Amino acid sequence: MITKRIIPCLDVDKGRVVKGKKFLEVQDVSDPVELAKQYSLNGADELVFYDITAASENRDIFVDIVERTAYEVYIPFTVGGGIRSIDDFNKVLRAGADKVSVNSAAVQNPNLITEAALKFGSQCVVLSIDAKRFCDSWHVYRNGGRIDTGLDAVEWAVKGEQLGAGELVLNSIDADGIKDGYDIELNRTISKLVNIPVIASGGAGKKEDFLEVLTEGCADAALAASVFHFNEIPISELKEYLQKNGVAMRR
């Protein structure tokens with residue numbers, strides 16, 4: 001039986017974990033390495049780190065934080081933000097990350113996905129999609145949700161798999177930080193069209209939101225930030241709740 005995953009997300013800006021709403025109203029939370037250690041000990045299946053301003057500020061990603069995290073945690077973790085080249089993939093993987101997430105650079109240069117998959121394997125390549133509802137579909141945004149690319153998010157997800165991505169992260173800008181539930185339609189629509197794992201992101205506020213997206217939303221994993229950062233939902237309790245409601249979880 002394929003098990004589902006619970007993944008805390010650490011948005012990092014200037015060396016600190018931060019959290020906002022709809023990619024705005026950002027506030028300080030904690031030290032990323034210390035928070036990662038806590039999650040590793042408390043039952044998280046994986047971790048995701050995003051350097052949320054690396055792309056918009058056109059600077060390199062926080063390799064030092066990646067190295068320190070790799071030394072301290074014993075679960076897989078993905079790193080994204082400011083990844084523009086195969087050399088960036090190499091730096092992050094060599095620093096200890098298990099997977100690399102691409103977003104803005106992949107939109108501007110889709111071949112980056114294929115090049116990375118051929119060099120490092122598809123299992124290392126995560127395509128992160130920042131999606132915002134537009135009429136009856138969703139548009140892809142880049143540079144931390146600042147620029148509407150005009151790309152259809154569903155079409156881009158399908159193309160991302162064809163190009164070689166081994167996993168998708170669907171970040172709903174509309175739901176981000178609102179705690180009113182994941183975008184079920186977005187996750188279900190894309191999950192039914194691709195054959196790679198889909199990670200739902202944006203909107204978690206209660207345990208039932210995770211259950212809904214992992215069942216009705218057809219997601220393979222659920223990613224969340226503030227409900228974990230502020231211990232509103234302990235991960236161990238969440239996984240026990242999901243297991244009792246018929247969702248096979250990793251132990």
# chains A, B, ... in the order shown; residues from 1 in each chain; ligands from 1
>>> residues_around(residues="Ser128 of chain A", least_positions_apart="4", cutoff="7 Å", atoms="only C-alpha atoms", output="compact mmCIF listing (two decimals) with C-alpha atoms, in the first residue's frame")
# COMPACT_ATOMS: atom_id res chain seq x y z
CA SER A 101 12.83 22.18 -6.16
CA VAL A 102 12.64 24.47 -9.18
CA ASN A 103 10.00 27.04 -9.91
CA LEU A 168 5.12 18.19 -8.06
CA VAL A 169 4.40 20.69 -5.31
CA LEU A 170 1.17 22.63 -5.87
>>> closest_residue(among="A:Met249, A:Thr149, A:Gly164, A:Asp130", to="Leu118 of chain A", atoms="only C-alpha atoms")
A:Gly164
>>> residues_around(residues="Ser85 of chain A", least_positions_apart="6", cutoff="10 Å", atoms="only C-alpha atoms", output="list of chain:residue names")
A:Lys91, A:Val102, A:Ala105, A:Ala106, A:Asn109, A:Leu112, A:Ile113, A:Glu115, A:Ala116
>>> write_last_selection(atoms="C-alpha atoms", output="mmCIF file, in the first residue's frame")
data_model
loop_
_atom_site.group_PDB
_atom_site.id
_atom_site.type_symbol
_atom_site.label_atom_id
_atom_site.label_comp_id
_atom_site.auth_asym_id
_atom_site.auth_seq_id
_atom_site.Cartn_x
_atom_site.Cartn_y
_atom_site.Cartn_z
ATOM 1 C CA LYS A 91 25.719 22.635 -4.982
ATOM 2 C CA VAL A 102 12.642 24.471 -9.180
ATOM 3 C CA ALA A 105 13.846 29.163 -13.466
ATOM 4 C CA ALA A 106 11.955 26.151 -14.834
ATOM 5 C CA ASN A 109 13.944 27.562 -19.039
ATOM 6 C CA LEU A 112 16.460 22.795 -16.905
ATOM 7 C CA ILE A 113 14.064 20.117 -15.655
ATOM 8 C CA GLU A 115 18.893 18.423 -17.867
ATOM 9 C CA ALA A 116 18.661 17.941 -14.101
#
>>> atom_distance(atom1="atom CA of Glu155 of chain A", atom2="atom CA of Asn143 of chain A")
19.4 Å
>>> residues_around(residues="segment 232-243 of chain A", least_positions_apart="6", cutoff="10 Å", atoms="only C-alpha atoms", output="number ranges by chain")
A: 4-8, 39, 42-45, 204-208, 210-212, 214, 226, 249-251
>>> write_last_selection(atoms="N, CA and C atoms", output="PDB file, in the first residue's frame")
ATOM      1  N   LYS A   4       0.928   7.879   2.609  1.00  0.00           N
ATOM      2  CA  LYS A   4       0.913   9.330   2.436  1.00  0.00           C
ATOM      3  C   LYS A   4       1.963   9.963   3.343  1.00  0.00           C
ATOM      4  N   ARG A   5       2.335  11.199   3.006  1.00  0.00           N
ATOM      5  CA  ARG A   5       3.390  11.888   3.756  1.00  0.00           C
ATOM      6  C   ARG A   5       2.908  13.224   4.315  1.00  0.00           C
ATOM      7  N   ILE A   6       3.456  13.580   5.462  1.00  0.00           N
ATOM      8  CA  ILE A   6       3.228  14.887   6.071  1.00  0.00           C
ATOM      9  C   ILE A   6       4.554  15.640   6.050  1.00  0.00           C
ATOM     10  N   ILE A   7       4.531  16.836   5.453  1.00  0.00           N
ATOM     11  CA  ILE A   7       5.777  17.552   5.183  1.00  0.00           C
ATOM     12  C   ILE A   7       5.701  19.002   5.689  1.00  0.00           C
ATOM     13  N   PRO A   8       6.409  19.329   6.747  1.00  0.00           N
ATOM     14  CA  PRO A   8       6.507  20.730   7.157  1.00  0.00           C
ATOM     15  C   PRO A   8       7.308  21.535   6.132  1.00  0.00           C
ATOM     16  N   TYR A  39      11.254  18.941  13.927  1.00  0.00           N
ATOM     17  CA  TYR A  39      10.360  18.187  13.048  1.00  0.00           C
ATOM     18  C   TYR A  39      10.896  16.788  12.782  1.00  0.00           C
ATOM     19  N   ASN A  42       9.975  14.768  15.716  1.00  0.00           N
ATOM     20  CA  ASN A  42       8.559  14.691  16.061  1.00  0.00           C
ATOM     21  C   ASN A  42       7.672  14.010  15.023  1.00  0.00           C
ATOM     22  N   GLY A  43       8.302  13.295  14.080  1.00  0.00           N
ATOM     23  CA  GLY A  43       7.512  12.449  13.199  1.00  0.00           C
ATOM     24  C   GLY A  43       7.251  12.945  11.794  1.00  0.00           C
ATOM     25  N   ALA A  44       7.857  14.072  11.402  1.00  0.00           N
ATOM     26  CA  ALA A  44       7.690  14.528  10.018  1.00  0.00           C
ATOM     27  C   ALA A  44       8.294  13.495   9.073  1.00  0.00           C
ATOM     28  N   ASP A  45       7.665  13.308   7.926  1.00  0.00           N
ATOM     29  CA  ASP A  45       8.168  12.332   6.953  1.00  0.00           C
ATOM     30  C   ASP A  45       9.289  12.922   6.105  1.00  0.00           C
ATOM     31  N   ALA A 204      -3.785  24.705   5.013  1.00  0.00           N
ATOM     32  CA  ALA A 204      -4.051  23.823   6.158  1.00  0.00           C
ATOM     33  C   ALA A 204      -4.379  24.630   7.410  1.00  0.00           C
ATOM     34  N   GLY A 205      -5.500  24.277   8.051  1.00  0.00           N
ATOM     35  CA  GLY A 205      -5.869  24.952   9.282  1.00  0.00           C
ATOM     36  C   GLY A 205      -6.311  24.000  10.376  1.00  0.00           C
ATOM     37  N   LYS A 206      -6.743  22.811   9.961  1.00  0.00           N
ATOM     38  CA  LYS A 206      -7.198  21.809  10.927  1.00  0.00           C
ATOM     39  C   LYS A 206      -6.924  20.414  10.369  1.00  0.00           C
ATOM     40  N   LYS A 207      -7.053  19.409  11.226  1.00  0.00           N
ATOM     41  CA  LYS A 207      -6.747  18.044  10.818  1.00  0.00           C
ATOM     42  C   LYS A 207      -7.609  17.598   9.638  1.00  0.00           C
ATOM     43  N   GLU A 208      -8.867  18.035   9.636  1.00  0.00           N
ATOM     44  CA  GLU A 208      -9.787  17.628   8.582  1.00  0.00           C
ATOM     45  C   GLU A 208      -9.324  18.113   7.207  1.00  0.00           C
ATOM     46  N   PHE A 210      -6.247  18.183   6.113  1.00  0.00           N
ATOM     47  CA  PHE A 210      -5.278  17.195   5.634  1.00  0.00           C
ATOM     48  C   PHE A 210      -5.996  15.947   5.123  1.00  0.00           C
ATOM     49  N   LEU A 211      -6.979  15.497   5.890  1.00  0.00           N
ATOM     50  CA  LEU A 211      -7.743  14.309   5.477  1.00  0.00           C
ATOM     51  C   LEU A 211      -8.416  14.547   4.134  1.00  0.00           C
ATOM     52  N   GLU A 212      -8.992  15.712   3.961  1.00  0.00           N
ATOM     53  CA  GLU A 212      -9.713  16.015   2.724  1.00  0.00           C
ATOM     54  C   GLU A 212      -8.786  16.018   1.514  1.00  0.00           C
ATOM     55  N   LEU A 214      -5.842  14.615   1.157  1.00  0.00           N
ATOM     56  CA  LEU A 214      -5.196  13.322   0.921  1.00  0.00           C
ATOM     57  C   LEU A 214      -6.177  12.268   0.414  1.00  0.00           C
ATOM     58  N   SER A 226       2.500  27.087   9.111  1.00  0.00           N
ATOM     59  CA  SER A 226       2.186  27.732  10.390  1.00  0.00           C
ATOM     60  C   SER A 226       1.515  26.814  11.398  1.00  0.00           C
ATOM     61  N   MET A 249      -0.327   5.870   6.587  1.00  0.00           N
ATOM     62  CA  MET A 249       0.728   6.851   6.840  1.00  0.00           C
ATOM     63  C   MET A 249       2.069   6.158   7.016  1.00  0.00           C
ATOM     64  N   ARG A 250       3.124   6.881   6.727  1.00  0.00           N
ATOM     65  CA  ARG A 250       4.453   6.376   7.027  1.00  0.00           C
ATOM     66  C   ARG A 250       4.647   6.365   8.540  1.00  0.00           C
ATOM     67  N   ARG A 251       5.371   5.372   9.013  1.00  0.00           N
ATOM     68  CA  ARG A 251       5.632   5.246  10.459  1.00  0.00           C
ATOM     69  C   ARG A 251       6.916   5.970  10.834  1.00  0.00           C
TER      70      ARG A 251
END
>>> select_by_dssp(residues="segment 69-189 of chain A", states="helix (DSSP H, G or I)", output="ChimeraX atom specification")
/A:69-72,86-95,104-108,111-120,122-124,153-163,184-189
>>> atom_distance(atom1="atom CA of Gly144 of chain A", atom2="atom CA of Tyr74 of chain A")
28.3 Å
>>> atom_distance(atom1="atom CA of Phe230 of chain A", atom2="atom CA of Ser201 of chain A")
17.2 Å
>>> select_by_dssp(residues="segment 159-218 of chain A", states="strand (DSSP E)", output="list in words")
Glu167, Leu168, Val169, Leu170, Asn171, Ser172, Val198, Ile199, Ala200 and Ser201 of chain A
>>> residues_around(residues="Cys124 of chain A", least_positions_apart="4", cutoff="9 Å", atoms="only C-alpha atoms", output="list in words")
Thr78, Leu93, Asp98, Lys99, Val100, Ser101, Ala116, Ala117, Phe120, Ala165, Gly166 and Glu167 of chain A
>>> write_last_selection(atoms="C-alpha atoms", output="compact mmCIF listing (two decimals), in the first residue's frame")
# COMPACT_ATOMS: atom_id res chain seq x y z
CA THR A 78 13.98 19.25 -0.41
CA LEU A 93 22.72 18.14 -3.47
CA ASP A 98 17.91 14.87 -1.11
CA LYS A 99 15.84 16.75 -3.71
CA VAL A 100 15.91 20.13 -5.41
CA SER A 101 12.83 22.18 -6.16
CA ALA A 116 18.66 17.94 -14.10
CA ALA A 117 16.66 14.73 -14.42
CA PHE A 120 20.79 13.53 -11.12
CA ALA A 165 10.18 16.07 -12.95
CA GLY A 166 9.78 13.30 -10.40
CA GLU A 167 7.40 15.14 -8.09
>>> closest_residue(among="A:Val194, A:Tyr182, A:Gly15, A:Asn187", to="Asp209 of chain A", atoms="only C-alpha atoms")
A:Tyr182
>>> closest_residue(among="A:Lys119, A:Val247, A:Arg84, A:Glu72", to="Ala97 of chain A", atoms="only C-alpha atoms")
A:Glu72
>>> closest_residue(among="A:Leu127, A:Ser122, A:Asn171, A:Gly96", to="Ile83 of chain A", atoms="only C-alpha atoms")
A:Leu127
